[in-house]
Structures are given as C-alpha cells and as structure tokens.
file run.txt (compact mmCIF, C-alpha atoms and all ligand atoms)
# COMPACT_ATOMS: atom_id res chain seq x y z
CA MET G 1 0.00 0.00 0.00
CA PHE G 2 1.25 3.48 -0.82
CA ASP G 3 1.66 6.13 1.89
CA ALA G 4 -0.74 9.07 2.09
CA ASN G 5 1.86 11.47 0.73
CA ARG G 6 2.27 9.45 -2.44
CA ILE G 7 -1.50 9.16 -2.93
CA THR G 8 -1.86 12.96 -2.68
CA HIS G 9 0.84 13.24 -5.35
CA PHE G 10 -0.98 10.72 -7.57
CA SER G 11 -4.25 12.61 -7.18
CA GLU G 12 -2.69 15.63 -8.92
CA LYS G 13 -1.78 13.57 -12.00
CA GLU G 14 -3.70 12.68 -15.09
CA THR G 15 -4.59 8.98 -15.07
CA PRO G 16 -3.93 6.29 -16.11
CA PHE G 17 -0.16 6.14 -15.61
CA TYR G 18 2.55 3.68 -14.70
CA TYR G 19 4.15 4.45 -11.38
CA TYR G 20 7.73 3.26 -10.87
CA ASP G 21 9.15 2.99 -7.37
CA LEU G 22 12.81 3.57 -8.18
CA ASP G 23 13.97 2.96 -4.64
CA LEU G 24 12.38 -0.52 -4.64
CA LEU G 25 13.81 -1.15 -8.10
CA LYS G 26 17.28 -0.29 -6.84
CA ARG G 27 16.92 -2.51 -3.78
CA THR G 28 15.72 -5.39 -5.97
CA LEU G 29 18.64 -4.99 -8.35
CA ASP G 30 21.10 -4.79 -5.46
CA ALA G 31 19.69 -8.02 -3.99
CA ALA G 32 19.94 -9.82 -7.34
CA LYS G 33 23.45 -8.52 -7.95
CA ARG G 34 24.65 -9.52 -4.49
CA ALA G 35 23.21 -13.04 -4.78
CA SER G 36 24.48 -13.67 -8.32
CA THR G 37 27.95 -12.29 -7.59
CA LYS G 38 28.24 -14.54 -4.55
CA PHE G 39 28.03 -17.57 -6.86
CA GLY G 40 30.07 -15.98 -9.67
CA PHE G 41 27.02 -15.89 -11.99
CA HIS G 42 26.33 -13.26 -14.70
CA VAL G 43 22.84 -11.84 -15.27
CA HIS G 44 21.67 -10.38 -18.57
CA TYR G 45 18.45 -8.46 -17.99
CA ALA G 46 15.68 -9.44 -20.45
CA LEU G 47 14.66 -6.09 -21.98
CA LYS G 48 11.36 -7.53 -23.15
CA ALA G 49 10.07 -7.28 -19.56
CA ASN G 50 10.43 -3.49 -19.48
CA PHE G 51 12.45 -1.17 -21.70
CA ASN G 52 11.46 2.11 -20.06
CA ASP G 53 14.54 4.36 -20.34
CA ARG G 54 14.76 5.25 -16.67
CA VAL G 55 14.30 1.63 -15.60
CA LEU G 56 17.01 0.55 -18.04
CA GLY G 57 19.33 3.24 -16.69
CA PHE G 58 19.15 1.71 -13.20
CA ILE G 59 19.70 -1.80 -14.56
CA ARG G 60 22.77 -0.77 -16.52
CA GLU G 61 24.13 1.14 -13.49
CA ALA G 62 23.70 -2.00 -11.37
CA GLY G 63 26.08 -3.80 -13.75
CA PHE G 64 23.77 -6.24 -15.55
CA GLY G 65 24.12 -7.23 -19.19
CA ALA G 66 21.21 -7.21 -21.67
CA ASP G 67 19.19 -10.02 -23.22
CA CYS G 68 17.45 -8.81 -26.39
CA VAL G 69 14.82 -10.37 -28.62
CA SER G 70 14.72 -7.94 -31.55
CA GLY G 71 17.03 -5.67 -33.50
CA ASN G 72 15.38 -2.68 -31.86
CA GLU G 73 16.07 -4.08 -28.41
CA VAL G 74 19.74 -4.52 -29.38
CA LYS G 75 19.75 -0.92 -30.63
CA LYS G 76 18.13 0.29 -27.42
CA ALA G 77 20.57 -1.64 -25.22
CA VAL G 78 23.53 -0.10 -27.06
CA GLU G 79 21.97 3.40 -26.94
CA VAL G 80 21.41 3.35 -23.19
CA GLY G 81 24.99 2.25 -22.65
CA PHE G 82 25.05 -1.52 -22.11
CA ASN G 83 28.45 -2.88 -23.07
CA PRO G 84 28.05 -4.80 -26.40
CA ASP G 85 30.20 -7.50 -24.87
CA GLN G 86 27.35 -8.07 -22.40
CA ILE G 87 24.51 -8.19 -24.95
CA VAL G 88 22.94 -11.43 -26.14
CA PHE G 89 20.32 -11.75 -28.87
CA ALA G 90 17.68 -14.51 -28.84
CA GLY G 91 14.48 -15.00 -30.87
CA VAL G 92 13.04 -17.59 -33.24
CA GLY G 93 12.68 -15.15 -36.10
CA LYS G 94 15.69 -12.86 -36.38
CA SER G 95 15.62 -11.08 -39.73
CA ASP G 96 18.74 -10.69 -41.91
CA LYS G 97 18.70 -6.97 -41.17
CA GLU G 98 18.58 -7.57 -37.43
CA ILE G 99 21.40 -10.13 -37.57
CA SER G 100 23.63 -7.84 -39.65
CA HIS G 101 22.99 -4.95 -37.28
CA ALA G 102 23.82 -7.06 -34.22
CA LEU G 103 27.03 -8.25 -35.93
CA SER G 104 27.98 -4.64 -36.61
CA CYS G 105 27.48 -3.86 -32.90
CA ASN G 106 29.84 -6.72 -31.95
CA ILE G 107 27.37 -8.18 -29.43
CA PHE G 108 28.58 -11.00 -27.20
CA ALA G 109 26.47 -13.79 -28.69
CA PHE G 110 23.45 -14.89 -30.71
CA ASN G 111 21.25 -17.45 -28.99
CA VAL G 112 20.46 -19.44 -32.11
CA GLU G 113 17.07 -21.12 -32.34
CA SER G 114 17.28 -23.23 -35.52
CA ILE G 115 19.80 -24.94 -37.80
CA GLN G 116 18.76 -22.72 -40.69
CA GLU G 117 19.51 -19.64 -38.57
CA LEU G 118 23.06 -20.96 -37.93
CA ARG G 119 23.71 -21.01 -41.68
CA ILE G 120 22.27 -17.51 -42.15
CA ILE G 121 24.35 -15.98 -39.35
CA ASP G 122 27.43 -17.69 -40.83
CA GLU G 123 26.63 -16.28 -44.28
CA LEU G 124 25.96 -12.74 -43.01
CA ALA G 125 29.03 -12.77 -40.74
CA GLY G 126 31.14 -13.90 -43.71
CA ALA G 127 29.78 -11.11 -45.88
CA ALA G 128 30.54 -8.56 -43.14
CA GLY G 129 34.02 -9.92 -42.51
CA LYS G 130 33.08 -10.80 -38.91
CA LYS G 131 33.09 -13.87 -36.73
CA GLY G 132 29.79 -14.32 -34.87
CA GLN G 133 29.72 -15.97 -31.45
CA VAL G 134 26.75 -18.31 -31.08
CA ALA G 135 25.10 -20.31 -28.33
CA LEU G 136 22.62 -23.00 -29.32
CA ARG G 137 19.22 -22.51 -27.72
CA ILE G 138 18.14 -26.04 -26.97
CA ASN G 139 14.58 -27.05 -26.22
CA PRO G 140 15.11 -29.39 -23.23
CA ASN G 141 11.50 -30.60 -22.96
CA VAL G 142 11.24 -29.57 -19.29
CA ASP G 143 7.80 -28.57 -18.00
CA ALA G 144 8.01 -25.13 -16.35
CA GLN G 145 4.70 -25.76 -14.50
CA THR G 146 3.40 -22.32 -15.36
CA HIS G 147 0.62 -20.93 -17.59
CA HIS G 148 0.77 -22.82 -20.92
CA TYR G 149 1.01 -19.54 -22.87
CA ILE G 150 4.32 -18.71 -21.15
CA THR G 151 5.85 -22.19 -21.23
CA THR G 152 8.68 -22.26 -23.76
CA GLY G 153 10.74 -25.42 -23.17
CA LEU G 154 8.42 -28.26 -24.21
CA ASP G 155 8.66 -30.27 -27.44
CA GLU G 156 5.40 -28.68 -28.62
CA ASN G 157 6.86 -25.11 -28.30
CA LYS G 158 8.40 -23.23 -31.21
CA PHE G 159 11.51 -22.19 -29.30
CA GLY G 160 15.02 -23.56 -29.64
CA ILE G 161 16.64 -26.50 -31.42
CA ALA G 162 15.16 -29.88 -30.57
CA HIS G 163 17.49 -32.36 -28.84
CA TRP G 164 17.14 -34.81 -31.74
CA GLU G 165 18.51 -32.16 -34.13
CA LEU G 166 21.77 -31.62 -32.23
CA GLY G 167 23.76 -34.13 -34.30
CA GLU G 168 22.92 -32.18 -37.44
CA ALA G 169 23.60 -28.86 -35.68
CA ILE G 170 27.17 -29.83 -34.82
CA GLU G 171 27.79 -31.03 -38.39
CA VAL G 172 26.66 -27.60 -39.64
CA LEU G 173 28.82 -25.88 -37.02
CA ARG G 174 31.84 -27.82 -38.22
CA GLN G 175 31.22 -26.57 -41.78
CA CYS G 176 30.64 -22.92 -40.84
CA GLN G 177 33.73 -20.70 -41.03
CA HIS G 178 32.30 -17.46 -39.69
CA ILE G 179 30.64 -18.51 -36.46
CA GLU G 180 32.04 -19.95 -33.26
CA LEU G 181 30.06 -22.04 -30.78
CA ILE G 182 30.60 -20.58 -27.32
CA GLY G 183 27.79 -22.15 -25.35
CA ILE G 184 24.36 -23.62 -24.89
CA HIS G 185 21.24 -21.70 -23.97
CA PHE G 186 17.92 -22.63 -22.38
CA HIS G 187 14.80 -20.76 -21.36
CA ILE G 188 11.91 -22.95 -20.29
CA GLY G 189 9.26 -20.40 -19.38
CA SER G 190 8.25 -17.49 -17.23
CA GLN G 191 6.66 -16.90 -13.79
CA ILE G 192 8.13 -20.12 -12.40
CA THR G 193 7.51 -20.37 -8.67
CA ASP G 194 8.55 -23.96 -7.99
CA LEU G 195 12.34 -24.05 -7.71
CA ASN G 196 12.31 -27.82 -8.33
CA VAL G 197 11.63 -27.00 -11.97
CA PHE G 198 15.09 -25.42 -12.15
CA LYS G 199 16.63 -28.58 -10.65
CA SER G 200 15.11 -30.57 -13.54
CA LEU G 201 16.55 -28.00 -15.95
CA CYS G 202 20.03 -28.43 -14.40
CA VAL G 203 19.85 -32.21 -14.97
CA LYS G 204 19.20 -31.61 -18.70
CA VAL G 205 21.89 -28.92 -18.96
CA ASN G 206 24.44 -31.27 -17.36
CA GLU G 207 23.58 -34.08 -19.80
CA LEU G 208 23.93 -31.75 -22.79
CA ASN G 209 27.10 -30.12 -21.47
CA ASN G 210 28.67 -33.62 -21.35
CA TRP G 211 27.27 -34.45 -24.79
CA PHE G 212 29.07 -31.47 -26.36
CA ASP G 213 32.23 -32.11 -24.38
CA ASP G 214 32.30 -35.74 -25.58
CA ARG G 215 32.21 -34.44 -29.17
CA GLY G 216 35.13 -32.08 -28.67
CA PHE G 217 33.26 -28.80 -28.18
CA ARG G 218 34.69 -26.86 -25.20
CA LEU G 219 31.75 -24.68 -24.18
CA ARG G 220 32.53 -21.43 -22.37
CA VAL G 221 28.98 -20.50 -21.40
CA LEU G 222 25.97 -22.27 -19.92
CA ASN G 223 23.05 -19.85 -20.28
CA VAL G 224 20.04 -21.05 -18.31
CA GLY G 225 17.70 -18.17 -19.24
CA GLY G 226 15.27 -16.48 -16.88
CA GLY G 227 11.85 -17.40 -15.56
CA LEU G 228 12.01 -16.73 -11.82
CA GLY G 229 8.48 -15.82 -10.73
CA VAL G 230 7.24 -13.14 -8.34
CA ASP G 231 4.52 -13.03 -5.70
CA TYR G 232 1.58 -11.24 -7.33
CA HIS G 233 -0.52 -11.69 -4.19
CA HIS G 234 1.80 -9.93 -1.73
CA PRO G 235 3.46 -6.94 -3.40
CA ASP G 236 4.13 -5.27 -0.05
CA THR G 237 5.14 -8.16 2.19
CA ALA G 238 7.24 -9.96 -0.46
CA PRO G 239 8.46 -7.17 -2.73
CA ILE G 240 11.88 -8.68 -3.46
CA PRO G 241 12.12 -12.20 -4.92
CA ASP G 242 14.29 -14.75 -3.13
CA PHE G 243 17.27 -14.50 -5.47
CA GLN G 244 19.57 -16.25 -3.01
CA SER G 245 17.51 -19.51 -3.06
CA TYR G 246 17.10 -19.31 -6.83
CA PHE G 247 20.81 -18.99 -7.61
CA ALA G 248 21.65 -21.54 -4.90
CA VAL G 249 19.74 -24.21 -6.87
CA PHE G 250 22.02 -23.71 -9.87
CA ALA G 251 25.12 -23.49 -7.67
CA GLU G 252 24.21 -26.88 -6.22
CA PHE G 253 22.88 -28.76 -9.25
CA LEU G 254 24.68 -27.36 -12.27
CA GLU G 255 27.94 -29.16 -13.05
CA ARG G 256 30.30 -26.59 -14.54
CA LYS G 257 33.41 -27.68 -16.33
CA PRO G 258 36.63 -25.73 -15.65
CA GLY G 259 36.44 -22.19 -17.05
CA GLN G 260 32.71 -22.30 -17.82
CA ASP G 261 30.60 -19.21 -17.00
CA VAL G 262 26.94 -19.41 -16.05
CA HIS G 263 24.61 -16.79 -17.53
CA PHE G 264 21.03 -15.92 -16.57
CA GLU G 265 18.40 -13.81 -18.33
CA LEU G 266 16.06 -12.54 -15.64
CA GLY G 267 13.30 -10.14 -16.62
CA ARG G 268 10.17 -10.24 -14.49
CA ALA G 269 11.89 -10.86 -11.16
CA LEU G 270 13.98 -7.69 -11.49
CA VAL G 271 11.25 -5.20 -12.34
CA SER G 272 7.72 -6.46 -11.56
CA GLN G 273 7.14 -5.25 -8.05
CA SER G 274 8.47 -1.75 -8.63
CA GLY G 275 5.73 -0.93 -11.13
CA SER G 276 2.02 -0.26 -10.60
CA LEU G 277 -0.65 0.91 -12.96
CA VAL G 278 -2.60 3.78 -11.38
CA SER G 279 -6.06 4.54 -12.64
CA ARG G 280 -9.29 6.29 -11.62
CA VAL G 281 -12.83 5.00 -11.30
CA LEU G 282 -14.89 6.53 -14.07
CA TYR G 283 -18.19 4.88 -13.27
CA VAL G 284 -19.73 2.50 -10.78
CA LYS G 285 -22.32 0.44 -12.56
CA ASN G 286 -24.82 -1.78 -10.78
CA GLY G 287 -25.59 -4.62 -13.15
CA ILE G 288 -28.31 -7.22 -12.75
CA LYS G 289 -25.91 -9.91 -11.64
CA LYS G 290 -22.95 -7.90 -10.40
CA ASP G 291 -21.45 -4.50 -9.76
CA PHE G 292 -18.82 -3.10 -12.08
CA LEU G 293 -16.05 -0.64 -11.40
CA ILE G 294 -15.24 0.94 -14.73
CA LEU G 295 -11.71 2.34 -14.76
CA ASP G 296 -9.96 4.75 -17.10
CA ALA G 297 -7.23 2.09 -17.64
CA GLY G 298 -7.89 -1.01 -19.66
CA MET G 299 -6.29 -3.97 -21.41
CA THR G 300 -4.55 -1.43 -23.65
CA GLU G 301 -2.42 -0.37 -20.67
CA LEU G 302 -2.07 -3.78 -18.97
CA MET G 303 -2.86 -6.76 -21.12
CA ARG G 304 -1.85 -9.63 -18.83
CA PRO G 305 -5.30 -10.23 -17.21
CA ALA G 306 -7.05 -10.26 -20.61
CA LEU G 307 -4.38 -12.41 -22.24
CA TYR G 308 -3.55 -14.93 -19.51
CA GLN G 309 -6.30 -14.34 -16.95
CA ALA G 310 -3.33 -13.22 -14.85
CA TYR G 311 -3.93 -12.13 -11.27
CA HIS G 312 -2.86 -8.62 -10.19
CA LYS G 313 -3.70 -7.24 -6.77
CA ILE G 314 -6.16 -4.32 -7.06
CA GLU G 315 -6.34 -1.63 -4.37
CA ASN G 316 -8.57 1.39 -3.89
CA LEU G 317 -6.00 3.99 -2.78
CA THR G 318 -8.53 6.72 -2.02
CA ALA G 319 -10.66 4.51 0.20
CA ALA G 320 -7.63 3.14 2.02
CA TYR G 321 -7.35 6.31 4.08
CA SER G 322 -11.11 6.85 4.61
CA ASN G 323 -13.11 5.45 7.53
CA SER G 324 -15.46 3.44 5.36
CA THR G 325 -15.87 -0.16 6.45
CA VAL G 326 -18.32 -1.26 3.74
CA GLN G 327 -16.82 -3.87 1.40
CA VAL G 328 -18.30 -4.71 -2.01
CA HIS G 329 -17.52 -7.31 -4.69
CA TYR G 330 -16.83 -5.67 -8.06
CA ASP G 331 -15.84 -6.82 -11.49
CA VAL G 332 -13.05 -4.32 -12.20
CA VAL G 333 -13.09 -3.53 -15.90
CA GLY G 334 -11.62 -1.09 -18.42
CA PRO G 335 -13.20 1.09 -21.10
CA ILE G 336 -12.14 -1.00 -24.12
CA CYS G 337 -14.79 -2.58 -26.34
CA GLU G 338 -13.83 -6.17 -25.49
CA SER G 339 -15.45 -8.36 -22.85
CA SER G 340 -12.02 -9.68 -21.90
CA ASP G 341 -11.07 -6.15 -20.84
CA CYS G 342 -11.33 -7.11 -17.19
CA PHE G 343 -8.68 -6.74 -14.46
CA GLY G 344 -10.44 -8.97 -11.95
CA LYS G 345 -13.77 -10.59 -11.26
CA GLU G 346 -15.57 -10.46 -7.90
CA VAL G 347 -12.79 -8.38 -6.37
CA LEU G 348 -13.55 -7.42 -2.77
CA LEU G 349 -12.86 -3.70 -2.32
CA PRO G 350 -13.99 -0.89 -0.06
CA GLN G 351 -17.15 0.69 -1.47
CA SER G 352 -15.82 2.80 -4.34
CA LYS G 353 -16.97 5.93 -6.11
CA ARG G 354 -16.25 7.95 -9.22
CA GLY G 355 -12.83 9.57 -9.01
CA ASP G 356 -11.26 7.07 -6.58
CA LEU G 357 -7.67 6.16 -7.38
CA ILE G 358 -7.12 2.47 -8.07
CA ALA G 359 -3.71 0.78 -8.14
CA ILE G 360 -3.07 -2.43 -10.04
CA ARG G 361 0.07 -3.81 -8.49
CA THR G 362 3.07 -5.85 -9.66
CA ALA G 363 2.82 -4.37 -13.14
CA GLY G 364 6.47 -3.44 -13.73
CA ALA G 365 7.11 -6.43 -16.00
CA TYR G 366 5.20 -7.12 -19.22
CA GLY G 367 2.94 -4.15 -18.47
CA GLU G 368 3.99 -0.95 -20.22
CA VAL G 369 5.85 -2.90 -22.91
CA MET G 370 2.74 -4.84 -23.94
CA ALA G 371 0.53 -1.75 -24.12
CA SER G 372 -1.27 -0.98 -27.37
CA ARG G 373 -3.06 1.94 -28.98
CA TYR G 374 -6.17 -0.16 -29.70
CA ASN G 375 -9.25 2.10 -29.70
CA LEU G 376 -6.76 4.92 -30.40
CA ARG G 377 -5.87 5.17 -26.75
CA ASP G 378 -3.43 7.79 -25.42
CA GLU G 379 0.30 7.06 -25.20
CA ILE G 380 1.31 5.63 -21.83
CA ARG G 381 2.11 8.18 -19.10
CA TYR G 382 4.59 7.68 -16.24
CA VAL G 383 5.20 8.93 -12.74
CA TYR G 384 8.53 8.15 -11.04
CA SER G 385 8.96 7.97 -7.28
CA ASP G 386 11.80 10.50 -7.24
CA GLU G 387 9.40 13.22 -8.45
CA LEU G 388 8.20 13.29 -4.86
CA ILE G 389 11.55 14.45 -3.55
CA ARG G 390 12.55 16.69 -6.44
C1 LIG O 1 14.83 -16.18 -24.15
C2 LIG O 1 14.25 -15.51 -22.94
N1 LIG O 1 15.08 -15.14 -21.96
C3 LIG O 1 14.61 -14.51 -20.85
C4 LIG O 1 13.27 -14.24 -20.69
C5 LIG O 1 12.84 -13.53 -19.43
O1 LIG O 1 11.98 -14.29 -18.68
P1 LIG O 1 11.45 -13.83 -17.27
O2 LIG O 1 10.88 -12.49 -17.41
O3 LIG O 1 10.45 -14.85 -16.92
O4 LIG O 1 12.63 -13.85 -16.32
C6 LIG O 1 12.37 -14.63 -21.68
C7 LIG O 1 10.91 -14.44 -21.49
O5 LIG O 1 10.22 -15.35 -21.06
C8 LIG O 1 12.86 -15.27 -22.84
O6 LIG O 1 12.04 -15.62 -23.82
N1 LIG O 2 4.42 -11.62 -21.41
C1 LIG O 2 4.38 -12.69 -20.47
C2 LIG O 2 5.66 -13.39 -20.29
C3 LIG O 2 6.26 -13.86 -21.57
C4 LIG O 2 7.71 -13.85 -21.41
C5 LIG O 2 8.42 -13.79 -22.71
N2 LIG O 2 8.81 -15.10 -23.21
C6 LIG O 2 3.76 -12.25 -19.17
O1 LIG O 2 3.22 -11.23 -19.10
O2 LIG O 2 3.73 -12.92 -18.20
call {"tool": "encode", "arguments": {"input": "run.txt", "output": "structure tokens"}}
result
Amino acid sequence: MFDANRITHFSEKETPFYYYDLDLLKRTLDAAKRASTKFGFHVHYALKANFNDRVLGFIREAGFGADCVSGNEVKKAVEVGFNPDQIVFAGVGKSDKEISHALSCNIFAFNVESIQELRIIDELAGAAGKKGQVALRINPNVDAQTHHYITTGLDENKFGIAHWELGEAIEVLRQCQHIELIGIHFHIGSQITDLNVFKSLCVKVNELNNWFDDRGFRLRVLNVGGGLGVDYHHPDTAPIPDFQSYFAVFAEFLERKPGQDVHFELGRALVSQSGSLVSRVLYVKNGIKKDFLILDAGMTELMRPALYQAYHKIENLTAAYSNSTVQVHYDVVGPICESSDCFGKEVLLPQSKRGDLIAIRTAGAYGEVMASRYNLRDEIRYVYSDELIR
C-alpha cells in the first residue's frame, strides 16, 4: 500500500499512468546482484520485460548485461549504454537486417534457435568480414509448471533447437567458417515459482554439457535463461524475490566444467514489483448480476489479465485512508470494447466511487511494454517515485 503522501501526489496527476518505485527497483537490483555475484554468476536483464529508459538506466548502473529479442532491443541496449560485450540476442525469427545490425554492434552472442539460422548468421558474418559468437538454444523438454502460454521449453513449443537435431547442428557448425560455438542456452518459461523445476533443468543442462564435451566442443557459457516468478498476491510483504535460493539451486545442481561461466536472463523478477498501474474509477455500474467498477485504464495499458487471466492485486487507494468499512464485490473492468477487458472478477474492495484512485500492483514487468493503442488510446504516461523528492 502506498503512503498518504504518495497518494496525494498521484491525485494531482492525469490517469492512467505507470508508477515506478525507483527505490524498490534499486533494492531489488542490489539483492539480485549480491546473490548472483556470490556464486560468480552473470545476469543479462531481459529487456522484453520493461524497456522504459529510466528503468534501463538503473539496470545498466547496477552492472547487468542485456538479453534482447529484436534488432530494436539490441539498438536500445547499445543506446542506453550496455556494453556490447554483455549483450545477447535470442528470438526464433531474427531477420537478416537484425542479424547484420547485431554483428555490426559486436554483441557477445546470438542465442540461435534453428539450424537454418546458424547457416544464415554464418553467411551474413562472412559477408561482413566478422566472426559471430553463437550459443545454441536447446529445447530441453522440461515442464516449467506455469501458464501454458508462457511455457517455452516443451517439445510442442516453437523455441530452440530440438534435442534430436543436435547431431545435425554440430555437423553444420563444423562446416561454418564465420561462427564460433561458445555455449548452450535454455529458457523454459516465465513466472516459475517452484524451484524444483530449475533442478530438472540443471539435470538436462548437465547431460547436454557432457554431450558437447564428448564431441570435442569446449563450451565457455551455460546460459540457463530467466523465468524466476514473483509473488503477485503480496506486493508489499514480499516485494523482493528470493534471489539467493534461486541462484543456490544452480550453484548446487549445475555441473560446470573448468572455465565455464553461467549466464542468466532474468526479466520479471527484477522489475515487476516496482511498477504499478494507477487509474481512476470513471463509473460504478450496478448490473443485474454484479457491480462493475469501470476504470480509465484497460487492457490497452495492462494486457496480462485479458491475455492470460493473470492475477494482479487491485487496491482502492482513495478509500484506504477513509473510515469506510463497507466492502463490495466488483468486477473491475476497463473502457475498451472487449469483454475480456477485465482486471479482476468479484474483487472485494472498499465501497468505491467515481474519481477514486485504483492501483493495479506488480505491473512493472510485461505491463507498459505490452501496451497498445487499440481504440486509439493515449500514449502511456509515467510517474517516477523520485518526483516526490525533487
Ligand atoms: C529467451 C528468454 N530469456 C529470458 C526471458 C525472461 O523471462 P522472465 O521475465 O520470466 O525472467 C524470456 C521471457 O520469457 C525469454 O524468452
Ligand atoms: N508476457 C508474459 C511473459 C512472456 C515472457 C516472454 N517469453 C507475461 O506477461 O507474463
């Protein structure tokens, strides 16, 4: 819950807007950095979770690398000052233009997702007179036990090179003159809350690490991707994910060969809790079957509930400091002309009225970046916590 001072500040702003708590962001990054450094691990932040310039500035300052999934993300990472030597580029559909641009930036590595892509990077690197460093993204067929839309490491998913294709992949690698295999890469899904899933991933990584070693490939990097989940139900009591326990799983179960580095690509866990979407109640509508709170924010600002039926904690900030004790169940909806434009059904809130400020919490990851202009909505607005002390 936000303090009264902050709510007064919000009430002066035009809604809806994303609010970023930069102090919490910094504390989260410090915790992740401390825990990863303790084990000698390197973290590349997944820009796809949030590429807001100010957020990225803090992440770069904290010393993380960048994991990109498009040419524009590579461009952005370079522009905001990430060291190209700490930029990796994944994605099932990298275009020739994007590959050539990344080669010209001298990024650290391409996480390659198909055999055909290996040949194309080799060709483009040759034409540019470069040598591209590549890691093979392997689909390990490990169930991430998360929402099926954000599971990426099962045989049925489009991501990565299948394990049965690896023989062919190393034949192609042996023929290619302009690429060098530096490692193997995995990313099995997002919002993973059961750490045992990562133990299963380590077992697969160890098997494959040995497989490559047996065939004479001395891998320098084991990249195990991201995926660490956050607590959407308790944004205030559990604002910082347990990075120590997460990294400890890999420290215990991953078998590194001498000289091998371990890379991670965390997105959500680094930025989720420091962002909230702040909105106002436009109308309170008493339907036949239920009551609706109609907000001025919708699925165009935060798509996760409409897309994945994702849970986000909803709070009435105005009512929080009033004496009202009446509680009402509302369907909290947006103004967009889609029935799926709903942030939560049967949400128990203090009795609410037009003009009340509503916060939708844990929206710092996959919030602003997934916004759209559908219905010709306004561009996203922001408020940063340090405006309060400026
Ligand atoms: C290749 C890759 N790396 C890293 C991430 C970041 O994942 P998360 O935000 O769950 O940490 C993703 C997104 O799921 C991804 O596709
Ligand atoms: N956009 C998803 C996560 C997908 C991660 C990218 N592979 C979410 O909001 O949870």
call {"tool": "residues_around", "arguments": {"input": "run.txt", "residues": "Asp155 of chain G", "least_positions_apart": "4", "cutoff": "9 Å", "atoms": "only C-alpha atoms", "output": "VMD selection string"}}
result
chain G and resid 139 to 142 159 162
call {"tool": "closest_residue", "arguments": {"input": "run.txt", "among": "G:Gly259, G:Gly298, G:Gly216, G:Gly367", "to": "Asp341 of chain G", "atoms": "all atoms listed in the file"}}
result
G:Gly298
call {"tool": "closest_residue", "arguments": {"input": "run.txt", "among": "G:Gly129, G:Gly81, G:Gly225, G:Pro335", "to": "Phe58 of chain G", "atoms": "only C-alpha atoms"}}
result
G:Gly81
call {"tool": "closest_residue", "arguments": {"input": "run.txt", "among": "G:Met370, G:Ala269, G:Leu47, G:Leu388", "to": "Asp21 of chain G", "atoms": "only C-alpha atoms"}}
result
G:Leu388
call {"tool": "residues_near_ligand", "arguments": {"input": "run.txt", "ligand": "ligand LIG 1 (chain O)", "cutoff": "9 Å", "atoms": "all atoms listed in the file", "output": "short mmCIF file (atom, residue, chain, number, x, y, z; two decimals) with C-alpha atoms, keeping the file's coordinate frame"}}
result
data_model
loop_
_atom_site.label_atom_id
_atom_site.label_comp_id
_atom_site.auth_asym_id
_atom_site.auth_seq_id
_atom_site.Cartn_x
_atom_site.Cartn_y
_atom_site.Cartn_z
CA HIS G 44 21.67 -10.38 -18.57
CA TYR G 45 18.45 -8.46 -17.99
CA ALA G 46 15.68 -9.44 -20.45
CA LEU G 47 14.66 -6.09 -21.98
CA LYS G 48 11.36 -7.53 -23.15
CA ALA G 49 10.07 -7.28 -19.56
CA ASP G 67 19.19 -10.02 -23.22
CA CYS G 68 17.45 -8.81 -26.39
CA VAL G 69 14.82 -10.37 -28.62
CA PHE G 89 20.32 -11.75 -28.87
CA ALA G 90 17.68 -14.51 -28.84
CA GLY G 91 14.48 -15.00 -30.87
CA ASN G 111 21.25 -17.45 -28.99
CA ARG G 137 19.22 -22.51 -27.72
CA ILE G 150 4.32 -18.71 -21.15
CA THR G 151 5.85 -22.19 -21.23
CA THR G 152 8.68 -22.26 -23.76
CA PHE G 159 11.51 -22.19 -29.30
CA HIS G 185 21.24 -21.70 -23.97
CA PHE G 186 17.92 -22.63 -22.38
CA HIS G 187 14.80 -20.76 -21.36
CA ILE G 188 11.91 -22.95 -20.29
CA GLY G 189 9.26 -20.40 -19.38
CA SER G 190 8.25 -17.49 -17.23
CA GLN G 191 6.66 -16.90 -13.79
CA ILE G 192 8.13 -20.12 -12.40
CA VAL G 224 20.04 -21.05 -18.31
CA GLY G 225 17.70 -18.17 -19.24
CA GLY G 226 15.27 -16.48 -16.88
CA GLY G 227 11.85 -17.40 -15.56
CA LEU G 228 12.01 -16.73 -11.82
CA GLY G 229 8.48 -15.82 -10.73
CA PHE G 264 21.03 -15.92 -16.57
CA GLU G 265 18.40 -13.81 -18.33
CA LEU G 266 16.06 -12.54 -15.64
CA GLY G 267 13.30 -10.14 -16.62
CA ARG G 268 10.17 -10.24 -14.49
CA ALA G 269 11.89 -10.86 -11.16
CA LEU G 270 13.98 -7.69 -11.49
CA VAL G 271 11.25 -5.20 -12.34
CA SER G 272 7.72 -6.46 -11.56
CA ALA G 365 7.11 -6.43 -16.00
CA TYR G 366 5.20 -7.12 -19.22
#
call {"tool": "residues_near_point", "arguments": {"input": "run.txt", "point": "(14.0, -3.7, -10.7)", "cutoff": "12 Å", "atoms": "all atoms listed in the file", "output": "number ranges by chain"}}
result
G: 20-33, 45-47, 49-52, 54-62, 64, 230, 239-241, 266-275, 362-365
call {"tool": "axis_aligned_box", "arguments": {"input": "run.txt", "around": "segment 269-282 of chain G", "padding_each_side": "5 Å", "output": "AutoDock Vina command-line options"}}
result
--center_x -0.5 --center_y -2.2 --center_z -11.1 --size_x 38.9 --size_y 27.4 --size_z 16.0
call {"tool": "atom_distance", "arguments": {"input": "run.txt", "atom1": "atom CA of Tyr18 of chain G", "atom2": "atom CA of Ala320 of chain G"}}
result
19.6 Å
call {"tool": "residues_around", "arguments": {"input": "run.txt", "residues": "Ala109 of chain G", "least_positions_apart": "2", "cutoff": "8 Å", "atoms": "all atoms listed in the file", "output": "JSON, numbers by chain"}}
result
{"G": [87, 88, 89, 107, 111, 132, 133, 134, 135]}
call {"tool": "residues_around", "arguments": {"input": "run.txt", "residues": "His178 of chain G", "least_positions_apart": "5", "cutoff": "7 Å", "atoms": "only C-alpha atoms", "output": "JSON, numbers by chain"}}
result
{"G": [122, 125, 126, 130, 131, 132]}
call {"tool": "residues_around", "arguments": {"input": "run.txt", "residues": "Pro258 of chain G", "least_positions_apart": "4", "cutoff": "10 Å", "atoms": "only C-alpha atoms", "output": "ChimeraX atom specification"}}
result
/G:218-220
call {"tool": "closest_residue", "arguments": {"input": "run.txt", "among": "G:Asp53, G:Glu98, G:Glu368, G:Glu301", "to": "Glu79 of chain G", "atoms": "all atoms listed in the file"}}
result
G:Asp53
call {"tool": "closest_residue", "arguments": {"input": "run.txt", "among": "G:His329, G:Arg280, G:Arg256, G:His148", "to": "ligand LIG 2 (chain O)", "atoms": "all atoms listed in the file"}}
result
G:His148
call {"tool": "closest_residue", "arguments": {"input": "run.txt", "among": "G:Leu317, G:Arg304, G:Val278, G:Ala77", "to": "Tyr19 of chain G", "atoms": "only C-alpha atoms"}}
result
G:Val278
call {"tool": "residues_around", "arguments": {"input": "run.txt", "residues": "Ser104 of chain G", "least_positions_apart": "4", "cutoff": "9 Å", "atoms": "all atoms listed in the file", "output": "list in words"}}
result
Ile99, Ser100, Ala128 and Lys130 of chain G
call {"tool": "atom_distance", "arguments": {"input": "run.txt", "atom1": "atom CA of Ile161 of chain G", "atom2": "atom C2 of ligand LIG 2 (chain O)"}}
result
20.4 Å
call {"tool": "atom_distance", "arguments": {"input": "run.txt", "atom1": "atom CA of Asn209 of chain G", "atom2": "atom CA of Arg174 of chain G"}}
result
17.6 Å
